[in-house]
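Data from data_23.cif: mmCIF, C-alpha atoms
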data_entry
#
loop_
_atom_site.label_atom_id
_atom_site.label_comp_id
_atom_site.auth_asym_id
_atom_site.auth_seq_id
_atom_site.Cartn_x
_atom_site.Cartn_y
_atom_site.Cartn_z
CA MET A 1 37.35 -35.84 112.91
CA HIS A 2 38.75 -33.48 115.52
CA ILE A 3 36.80 -30.36 114.71
CA PRO A 4 33.33 -31.62 115.70
CA PHE A 5 34.89 -32.91 118.89
CA LEU A 6 36.17 -29.42 119.68
CA PHE A 7 32.72 -27.94 118.99
CA VAL A 8 31.19 -30.36 121.46
CA LEU A 9 33.81 -29.41 124.02
CA ALA A 10 33.21 -25.69 123.50
CA ALA A 11 29.51 -26.17 124.11
CA THR A 12 30.04 -27.87 127.44
CA GLU A 13 31.51 -26.40 130.60
CA SER A 14 34.96 -27.87 129.99
CA GLY A 15 35.22 -25.57 126.97
CA GLU A 16 35.47 -22.65 129.36
CA PHE A 17 38.32 -24.34 131.16
CA ILE A 18 40.10 -24.92 127.86
CA ALA A 19 39.68 -21.25 126.95
CA LYS A 20 41.08 -20.26 130.33
CA ALA A 21 43.99 -22.64 129.92
CA GLY A 22 44.73 -21.19 126.49
CA LYS A 23 44.72 -17.67 127.90
CA SER A 24 47.08 -18.67 130.68
CA ILE A 25 49.40 -20.34 128.17
CA GLY A 26 49.31 -17.17 126.06
CA LEU A 27 50.30 -15.01 129.03
CA GLY A 28 53.02 -17.44 130.12
CA VAL A 29 54.54 -17.81 126.67
CA GLY A 30 54.31 -14.08 125.91
CA GLY A 31 55.91 -13.03 129.18
CA GLY A 32 58.26 -15.97 129.60
CA LEU A 33 59.77 -16.25 126.14
CA GLY A 34 59.95 -12.47 125.89
CA ALA A 35 61.94 -12.40 129.13
CA VAL A 36 64.31 -15.09 127.82
CA GLY A 37 65.15 -13.17 124.67
CA ALA A 38 65.44 -9.79 126.36
CA GLY A 39 67.56 -11.29 129.16
CA VAL A 40 70.09 -12.69 126.68
CA GLY A 41 70.11 -9.40 124.78
CA ILE A 42 70.62 -7.23 127.88
CA GLY A 43 73.40 -9.54 129.05
CA ILE A 44 75.19 -9.17 125.72
CA ILE A 45 74.79 -5.38 125.77
CA PHE A 46 76.24 -4.91 129.25
CA GLY A 47 79.00 -7.45 128.64
CA LYS A 48 80.07 -5.72 125.46
CA ALA A 49 79.86 -2.31 127.14
CA ILE A 50 82.19 -3.50 129.92
CA GLU A 51 84.56 -4.93 127.32
CA ALA A 52 84.53 -1.69 125.36
CA ILE A 53 85.14 0.47 128.44
CA THR A 54 88.04 -1.68 129.61
CA ARG A 55 89.61 -1.37 126.17
CA GLN A 56 89.05 2.36 125.83
CA PRO A 57 88.31 3.95 129.22
CA GLU A 58 88.51 7.43 127.67
CA MET A 59 85.34 6.70 125.64
CA ARG A 60 83.38 5.86 128.78
CA ASP A 61 80.71 8.58 128.51
CA GLU A 62 79.81 7.86 124.90
CA ILE A 63 79.74 4.10 125.49
CA THR A 64 77.54 4.53 128.57
CA GLN A 65 75.02 6.56 126.60
CA LEU A 66 74.89 3.98 123.80
CA GLN A 67 74.65 1.21 126.39
CA TRP A 68 71.54 2.72 127.97
CA LEU A 69 70.00 3.28 124.54
CA GLY A 70 70.60 -0.37 123.64
CA PHE A 71 69.35 -1.51 127.04
CA ALA A 72 66.06 0.31 126.66
CA LEU A 73 65.55 -0.83 123.06
CA THR A 74 66.15 -4.45 124.05
CA GLU A 75 64.05 -4.22 127.17
CA ALA A 76 61.19 -2.93 125.05
CA CYS A 77 61.14 -6.23 123.13
CA PHE A 78 60.28 -8.00 126.38
CA PHE A 79 57.36 -5.66 126.84
CA TYR A 80 56.05 -6.35 123.33
CA GLY A 81 55.80 -10.01 124.31
CA LEU A 82 54.30 -9.16 127.67
CA VAL A 83 51.66 -6.84 126.14
CA ALA A 84 50.72 -9.56 123.65
CA GLY A 85 50.36 -12.01 126.55
CA LEU A 86 48.26 -9.57 128.58
CA LEU A 87 46.06 -8.94 125.53
CA ALA A 88 45.55 -12.69 125.15
CA ALA A 89 44.81 -13.18 128.84
CA PHE A 90 42.51 -10.27 129.63
CA ILE A 91 41.08 -8.78 126.45
CA VAL A 92 40.68 -11.42 123.71
CA MET B 1 71.66 8.97 136.08
CA SER B 2 75.43 9.05 136.18
CA ALA B 3 75.40 12.30 138.12
CA VAL B 4 73.83 10.48 141.06
CA ALA B 5 76.40 7.69 140.97
CA SER B 6 79.37 10.07 140.91
CA LYS B 7 78.28 11.63 144.21
CA SER B 8 79.34 8.56 146.20
CA PRO B 9 82.12 9.47 148.64
CA ALA B 10 84.85 7.50 146.89
CA LEU B 11 87.57 10.04 147.66
CA THR B 12 87.20 10.14 151.45
CA PRO B 13 90.39 9.05 153.27
CA GLU B 14 90.57 5.74 155.08
CA ASP B 15 88.08 5.85 157.91
CA PRO B 16 89.52 4.51 161.17
CA GLY B 17 86.10 3.39 162.34
CA LYS B 18 85.41 1.49 159.12
CA PRO B 19 85.55 -2.10 160.37
CA GLU B 20 83.02 -1.30 163.11
CA SER B 21 80.69 0.51 160.68
CA THR B 22 80.71 -2.40 158.21
CA GLY B 23 80.10 -4.69 161.17
CA ALA B 24 77.13 -2.53 162.18
CA VAL B 25 75.76 -2.70 158.62
CA LYS B 26 76.15 -6.46 158.67
CA THR B 27 74.34 -6.72 162.00
CA THR B 28 71.50 -4.51 160.75
CA LEU B 29 71.15 -6.60 157.59
CA LEU B 30 71.14 -9.81 159.62
CA ILE B 31 68.45 -8.39 161.94
CA LEU B 32 66.33 -7.28 158.97
CA GLY B 33 66.72 -10.69 157.32
CA GLY B 34 65.77 -12.38 160.57
CA VAL B 35 62.69 -10.18 160.97
CA TRP B 36 61.73 -10.96 157.37
CA ILE B 37 62.06 -14.76 157.66
CA GLY B 38 60.61 -14.77 161.20
CA GLY B 39 57.62 -12.75 159.98
CA ILE B 40 57.00 -15.22 157.16
CA VAL B 41 57.06 -18.17 159.56
CA LEU B 42 54.96 -16.38 162.19
CA LEU B 43 52.27 -15.24 159.73
CA GLY B 44 52.24 -18.71 158.19
CA LEU B 45 51.75 -20.32 161.59
CA ILE B 46 49.01 -17.89 162.65
CA TYR B 47 46.98 -17.69 159.42
CA GLY B 48 48.02 -20.95 157.77
CA PHE B 49 50.31 -21.54 154.84
CA SER B 50 47.51 -22.11 152.36
CA GLY B 51 44.68 -19.65 151.81
CA THR B 52 41.41 -19.50 149.95
CA ARG B 53 41.36 -17.73 146.63
CA ASN B 54 39.74 -14.30 146.69
CA ASN B 55 37.89 -13.66 143.45
CA SER B 56 36.29 -10.34 144.43
CA PHE B 57 39.52 -8.36 143.98
CA GLU B 58 40.25 -7.65 140.32
CA PRO B 59 43.70 -6.17 139.72
CA GLN B 60 42.77 -4.80 136.29
CA ASN B 61 40.34 -2.40 138.01
CA GLU B 62 43.35 -0.54 139.40
CA PHE B 63 43.90 0.74 135.85
CA LYS B 64 40.24 1.27 134.99
CA LEU B 65 39.32 4.80 133.94
CA SER B 66 36.02 5.84 135.46
CA GLN B 67 34.65 9.14 134.18
CA TRP B 68 34.39 11.82 136.84
CA VAL B 69 33.07 14.67 134.70
CA ASN B 70 31.14 13.58 131.64
CA LEU B 71 31.66 16.00 128.74
CA GLY B 72 31.71 13.66 125.77
CA VAL B 73 35.14 13.80 124.11
CA PHE B 74 36.43 16.15 126.81
CA SER B 75 35.47 13.92 129.74
CA VAL B 76 37.70 14.12 132.79
CA ASN B 77 39.01 10.87 134.21
CA LYS B 78 42.06 9.69 136.12
CA ALA B 79 44.41 9.84 133.12
CA VAL B 80 43.35 13.43 132.35
CA LEU B 81 44.06 14.44 135.96
CA TYR B 82 47.55 12.92 135.79
CA LEU B 83 48.14 14.58 132.41
CA ILE B 84 47.22 17.98 133.87
CA LEU B 85 49.37 17.36 136.95
CA ALA B 86 52.39 16.40 134.84
CA SER B 87 51.98 19.44 132.56
CA LEU B 88 51.63 21.77 135.55
CA ALA B 89 54.67 20.25 137.27
CA THR B 90 56.77 20.62 134.12
CA CYS B 91 55.75 24.23 133.42
CA ILE B 92 55.77 25.53 137.00
CA SER B 93 59.07 23.96 138.08
CA MET B 94 60.95 24.98 134.94
CA ILE B 95 59.55 28.54 134.84
CA TYR B 96 60.25 28.92 138.57
CA VAL B 97 63.88 27.86 138.14
CA ALA B 98 64.33 29.96 134.99
CA ARG B 99 62.97 33.09 136.71
CA ARG B 100 65.32 32.77 139.65
CA MET B 101 68.58 32.12 137.84
CA GLN B 102 71.57 33.25 139.91
CA ALA B 103 75.25 33.65 139.17
CA ARG B 104 76.04 31.37 142.09
CA PRO B 105 73.65 28.46 141.54
CA ASN B 106 72.06 26.57 144.40
CA LYS B 107 71.45 22.82 144.35
CA VAL B 108 68.18 22.90 142.39
CA GLN B 109 69.60 25.21 139.75
CA THR B 110 72.70 23.02 139.39
CA ALA B 111 70.52 19.95 138.88
CA VAL B 112 68.37 21.70 136.27
CA GLU B 113 71.48 23.00 134.51
CA ALA B 114 72.90 19.45 134.37
CA LEU B 115 69.57 18.29 132.93
CA TYR B 116 69.65 21.11 130.36
CA GLU B 117 73.19 20.16 129.38
CA LEU B 118 72.15 16.52 128.96
CA MET B 119 69.20 17.51 126.78
CA HIS B 120 71.04 20.11 124.71
CA ASP B 121 74.48 18.55 124.24
CA ASN B 122 73.85 14.82 124.38
CA ILE B 123 70.29 14.16 123.25
CA ALA B 124 69.76 16.94 120.70
CA GLY B 125 73.33 17.99 119.88
CA GLY B 126 74.65 14.44 119.64
CA ASN B 127 72.23 13.45 116.90
CA LEU B 128 71.49 16.70 115.05
CA ASP B 129 73.66 19.36 113.45
CA ARG B 130 73.90 22.86 114.91
CA LYS B 131 71.07 24.45 112.92
CA MET B 132 68.65 21.59 113.54
CA THR B 133 69.55 21.58 117.24
CA ALA B 134 68.68 25.26 117.53
CA ARG B 135 65.33 24.64 115.82
CA TRP B 136 64.27 21.40 117.48
CA PHE B 137 65.84 21.54 120.94
CA PRO B 138 62.73 23.10 122.55
CA PHE B 139 60.56 20.27 121.23
CA ILE B 140 62.96 17.51 122.30
CA GLY B 141 63.59 19.10 125.69
CA THR B 142 59.88 19.52 126.38
CA LEU B 143 59.21 15.90 125.43
CA PHE B 144 61.98 14.72 127.76
CA LEU B 145 60.84 16.80 130.73
CA PHE B 146 57.14 16.09 130.25
CA ILE B 147 57.63 12.31 130.02
CA MET B 148 59.99 12.32 133.00
CA PHE B 149 57.63 14.33 135.20
CA SER B 150 54.70 12.24 134.08
CA ASN B 151 56.53 9.02 134.97
CA LEU B 152 57.75 10.34 138.30
CA ILE B 153 54.33 11.65 139.39
CA GLY B 154 53.05 8.16 138.65
CA TYR B 155 55.08 6.77 141.57
CA ILE B 156 53.58 9.12 144.17
CA PRO B 157 50.51 7.54 145.78
CA LEU B 158 47.61 9.96 145.21
CA PRO B 159 44.00 9.57 146.39
CA THR B 160 42.54 8.88 142.96
CA ASN B 161 41.12 5.36 143.19
CA THR B 162 37.35 5.86 143.07
CA GLU B 163 36.71 2.10 143.00
CA HIS B 164 37.49 1.82 146.72
CA TYR B 165 37.05 4.34 149.52
CA ILE B 166 38.78 4.84 152.86
CA HIS B 167 36.48 5.85 155.72
CA VAL B 168 38.04 8.09 158.38
CA PHE B 169 35.94 9.87 161.06
CA GLY B 170 32.80 9.70 158.93
CA PHE B 171 34.47 11.10 155.83
CA SER B 172 35.17 8.95 152.77
CA PHE B 173 38.30 9.48 150.72
CA PRO B 174 39.20 7.76 147.47
CA ALA B 175 41.84 5.11 148.14
CA PHE B 176 45.46 5.90 147.32
CA SER B 177 46.69 4.48 144.06
CA LEU B 178 49.60 4.60 141.64
CA TYR B 179 48.78 5.65 138.11
CA ALA B 180 50.62 7.56 135.43
CA ALA B 181 49.44 9.39 132.35
CA THR B 182 52.00 7.40 130.38
CA ALA B 183 50.55 4.10 131.66
CA ASN B 184 47.64 4.73 129.29
CA LEU B 185 48.32 3.88 125.63
CA SER B 186 46.62 7.00 124.23
CA ILE B 187 49.08 9.52 125.65
CA PRO B 188 52.32 7.90 124.40
CA LEU B 189 50.54 7.34 121.09
CA VAL B 190 49.75 11.05 120.76
CA LEU B 191 53.35 11.93 121.65
CA ALA B 192 54.60 9.44 119.04
CA LEU B 193 52.21 10.93 116.45
CA MET B 194 53.60 14.39 117.20
CA VAL B 195 57.12 13.05 116.63
CA PHE B 196 56.05 11.31 113.41
CA ILE B 197 54.39 14.43 112.02
CA SER B 198 57.32 16.68 112.95
CA TYR B 199 60.04 14.56 111.35
CA THR B 200 57.99 13.96 108.22
CA TYR B 201 57.33 17.73 107.99
CA GLU B 202 61.01 18.48 108.52
CA GLY B 203 62.05 15.93 105.87
CA VAL B 204 59.54 17.27 103.35
CA ARG B 205 60.67 20.84 104.02
CA ALA B 206 64.33 19.92 103.59
CA LYS B 207 63.99 17.85 100.42
CA GLY B 208 60.51 18.49 98.99
CA PRO B 209 57.74 15.87 98.93
CA ILE B 210 59.18 13.90 95.99
CA GLY B 211 62.72 14.17 97.28
CA TYR B 212 61.69 12.94 100.72
CA LEU B 213 59.97 9.87 99.28
CA LYS B 214 62.98 9.22 97.04
CA GLY B 215 65.28 9.64 100.01
CA LEU B 216 63.64 6.65 101.71
CA VAL B 217 65.38 4.36 99.22
CA PRO B 218 69.15 4.15 99.71
CA GLY B 219 71.27 5.37 96.82
CA GLY B 220 72.44 2.78 94.28
CA VAL B 221 69.35 0.56 94.57
CA THR B 222 67.35 0.43 91.31
CA GLY B 223 64.52 -1.45 89.63
CA ALA B 224 62.17 -3.84 91.43
CA MET B 225 64.42 -3.91 94.48
CA ALA B 226 63.96 -0.16 94.94
CA ILE B 227 60.16 -0.56 94.99
CA PHE B 228 60.43 -3.37 97.54
CA ILE B 229 62.76 -1.37 99.79
CA PHE B 230 60.52 1.68 99.46
CA PHE B 231 57.55 -0.23 100.85
CA LEU B 232 59.74 -1.74 103.55
CA GLU B 233 60.87 1.74 104.59
CA VAL B 234 57.31 3.11 104.61
CA LEU B 235 56.32 0.16 106.79
CA SER B 236 59.22 0.78 109.16
CA ASN B 237 58.15 4.42 109.46
CA VAL B 238 54.69 3.29 110.57
CA MET B 239 56.24 0.73 112.92
CA ARG B 240 58.17 3.57 114.59
CA LEU B 241 54.83 4.92 115.81
CA MET B 242 54.00 1.59 117.42
CA SER B 243 57.42 0.95 118.89
CA LEU B 244 57.74 4.47 120.35
CA SER B 245 54.32 4.39 121.98
CA ILE B 246 54.27 0.76 123.14
CA ARG B 247 57.79 0.97 124.60
CA LEU B 248 56.87 3.85 126.90
CA PHE B 249 53.36 2.61 127.74
CA ALA B 250 54.35 -1.00 128.43
CA ASN B 251 57.38 -0.08 130.52
CA ILE B 252 55.37 2.12 132.84
CA LEU B 253 52.35 -0.18 132.96
CA ALA B 254 54.47 -3.26 133.68
CA GLY B 255 56.33 -1.34 136.38
CA HIS B 256 53.08 -0.34 138.06
CA LEU B 257 51.66 -3.86 137.71
CA ILE B 258 54.67 -5.54 139.27
CA ILE B 259 54.78 -3.01 142.14
CA LEU B 260 51.06 -3.64 142.68
CA PHE B 261 51.52 -7.41 142.79
CA MET B 262 54.64 -7.33 144.97
CA ALA B 263 53.11 -4.78 147.38
CA GLY B 264 50.22 -7.04 148.30
CA ALA B 265 47.88 -7.80 145.42
CA LEU B 266 49.30 -11.31 145.10
CA ALA B 267 48.65 -11.99 148.79
CA VAL B 268 45.13 -10.54 148.53
CA ILE B 269 44.24 -12.66 145.50
CA LEU B 270 45.64 -15.89 146.92
CA GLY B 271 44.41 -15.10 150.44
CA THR B 272 47.70 -15.92 152.16
CA ALA B 273 49.13 -13.50 154.71
CA TRP B 274 52.75 -14.74 154.72
CA LEU B 275 53.06 -14.18 150.96
CA GLY B 276 52.47 -10.47 151.40
CA TRP B 277 55.25 -10.26 153.98
CA PHE B 278 57.46 -12.32 151.65
CA THR B 279 56.98 -10.06 148.60
CA ILE B 280 57.21 -6.64 150.31
CA PRO B 281 61.06 -6.33 150.08
CA PHE B 282 60.90 -7.11 146.37
CA GLY B 283 58.19 -4.48 146.00
CA ILE B 284 60.38 -1.85 147.68
CA LEU B 285 63.39 -2.79 145.55
CA LEU B 286 61.36 -2.66 142.34
CA PHE B 287 59.87 0.69 143.37
CA ALA B 288 63.38 2.10 143.85
CA PHE B 289 64.46 0.64 140.50
CA GLU B 290 61.48 2.16 138.68
CA VAL B 291 61.86 5.60 140.27
CA GLY B 292 65.64 5.71 140.02
CA LEU B 293 66.20 4.27 136.58
CA VAL B 294 63.18 3.49 134.44
CA ALA B 295 61.35 6.83 134.78
CA ALA B 296 64.29 8.91 133.57
CA LEU B 297 65.59 6.25 131.17
CA GLN B 298 62.32 6.02 129.24
CA ALA B 299 62.17 9.81 128.87
CA PHE B 300 65.79 9.77 127.69
CA ILE B 301 65.08 7.02 125.15
CA PHE B 302 62.00 8.77 123.79
CA ALA B 303 63.86 12.06 123.36
CA THR B 304 66.96 10.40 121.87
CA LEU B 305 64.91 8.46 119.32
CA THR B 306 63.05 11.65 118.41
CA ALA B 307 66.37 13.35 117.74
CA ILE B 308 67.63 10.36 115.72
CA TYR B 309 64.47 10.31 113.59
CA LEU B 310 64.64 14.06 113.02
CA GLY B 311 68.28 13.77 112.02
CA GLY B 312 67.55 10.85 109.71
CA ALA B 313 64.73 12.71 107.96
CA VAL B 314 66.98 15.57 106.82
CA ALA B 315 70.16 13.52 106.17
CA GLU B 316 71.32 13.88 102.58
CA ASP B 317 72.28 10.24 102.04
CA HIS B 318 70.26 7.48 103.57
#
Exercise: express the given structure as structure tokens:
Amino acid sequence: MHIPFLFVLAATESGEFIAKAGKSIGLGVGGGLGAVGAGVGIGIIFGKAIEAITRQPEMRDEITQLQWLGFALTEACFFYGLVAGLLAAFIV
Amino acid sequence: MSAVASKSPALTPEDPGKPESTGAVKTTLLILGGVWIGGIVLLGLIYGFSGTRNNSFEPQNEFKLSQWVNLGVFSVNKAVLYLILASLATCISMIYVARRMQARPNKVQTAVEALYELMHDNIAGGNLDRKMTARWFPFIGTLFLFIMFSNLIGYIPLPTNTEHYIHVFGFSFPAFSLYAATANLSIPLVLALMVFISYTYEGVRAKGPIGYLKGLVPGGVTGAMAIFIFFLEVLSNVMRLMSLSIRLFANILAGHLIILFMAGALAVILGTAWLGWFTIPFGILLFAFEVGLVAALQAFIFATLTAIYLGGAVAEDH
């Protein structure tokens, strides 16, 4: 029932608009949801690092190194989402 | 990174003129904020708050690679130029500093020595044992320096944009643009492949081909579960290639994209003048963030993960 309707839409000009809308949604979801997850993760990492340093200030250097490692690994997850969104918007 | 932060003059005695200096800073900030908001309102009043969309400017062309010298596989384009620049910067600066080592180091030598200590003691030495550090430190250090120089060169505007030209006194120059070798997926992918091949080679040399494959499965797991975990581990080894390369590539590309948009592309696309004035401070802040943190941090992460993978490949127990 729905599939022939979609074919008709794709053949007309409004199909192009639907494709464009889908691409925009892909970019928004990829970038937006990726930013949500990475934001929560980075917040947890820095919060825990502050907690750990206040408990054991003598371990500061080691904790700082681990903190930056965790920050970059979490931040990368945002970029996976963003790259997927950019692929959807510009290449597919 | 932390060396820069520790230079702040925290130990200076109480400055008698401090209240006036903070007042001066406050006044300057207020003036700058006023200029910023006033500029937005003024530009909006002159050129209108709504503009017509400009479809002729395509931001993806800023990252397009047009071939300058066509030699088949060995063609020269923008990414190749940046690759050569980064390699030259790495080699020349490090050889220059190493040739002129002095007993009483100057500022540059102190900085390079701090960098060396970071690479040798923290990145390589923190994740590998003494023998492995001696063998693999040159590789890890070169990766770190090359990626850092490549990222940093990417934030210097160079006349490499052959899509647009600037015309001055009858001469045409390529427009200035930001691009980095690491903002192209192929170069991080090749670096990640080098890392993959080296740690597999090191693991096979330490344990033998059969022993290395057996070592992928943690001890104590037997039967069908061992087969399942083996395939999971093989898959995770392949995923390391993707995560290493995409992390570096996407960080640098996203940094360049957001600087491009904040520094005016958004205003050009939407055709509104006030928006460009509005986004410029964010562009400057993001530029400082990328240069100060992301460029060195990504190199640090890449080198640290290389050391961790190398250490994991030769570890006796999984």
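By chain and then residue number, the residues within 12 Å of Gly28 of chain A are A:Ala21, A:Gly22, A:Lys23, A:Ser24, A:Gly32, A:Leu33, A:Gly34, A:Ala35, A:Val36, A:Gly81, A:Leu82, A:Val83, A:Ala84, A:Gly85, A:Leu86, A:Leu87, A:Ala88, A:Ala89, counting only C-alpha atoms and disregarding those fewer than 4 positions away in sequence.
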Q.
So that I can see what lies close to segment 64-68 of chain A, please list as a PyMOL selection string the residues with an atom at most 10 Å from it, counting only C-alpha atoms and leaving out residues fewer than 3 positions away in the same chain.
A. (chain A and resi 42+45-50+52-53+59-61+71-74) or (chain B and resi 2+122-123+297-298+300-301)
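Selection by the PyMOL selection byres ((chain B) within 7 of (chain A)) on the present file picks out B:Arg247, B:Ala250, B:Asn251, B:Ile301.
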Box in all listed atoms of segment 243-258 of chain B, axis-aligned, with 8 Å more on each side; write out centre and edge lengths in Å to one decimal as JSON.
{"center_x": 54.7, "center_y": -0.5, "center_z": 129.1, "size_x": 22.1, "size_y": 26.0, "size_z": 36.4}
Q | Gap from atom CA of Val112 of chain B to atom CA of Thr90 of chain B - Å, one decimal | A | 11.8 Å
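Pairwise distance (atom CA of Ala192 of chain B, atom CA of Leu305 of chain B) equals 10.4 Å.
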**Q.** Interatomic distance (Å, one decimal) between atom CA of Ser245 of chain B and atom CA of Leu178 of chain B
**A.** 20.2 Å
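Near segment 46-61 of chain B, within 9 Å and counting only C-alpha atoms, sit Phe90 of chain A; Val41, Leu42, Leu43, Lys64, Leu65, Glu163, Leu257, Leu260, Phe261, Ala265, Val268, Ile269, Leu270, Gly271, Thr272, Ala273, Trp274 and Leu275 of chain B; same-chain residues fewer than 3 positions away were not included.
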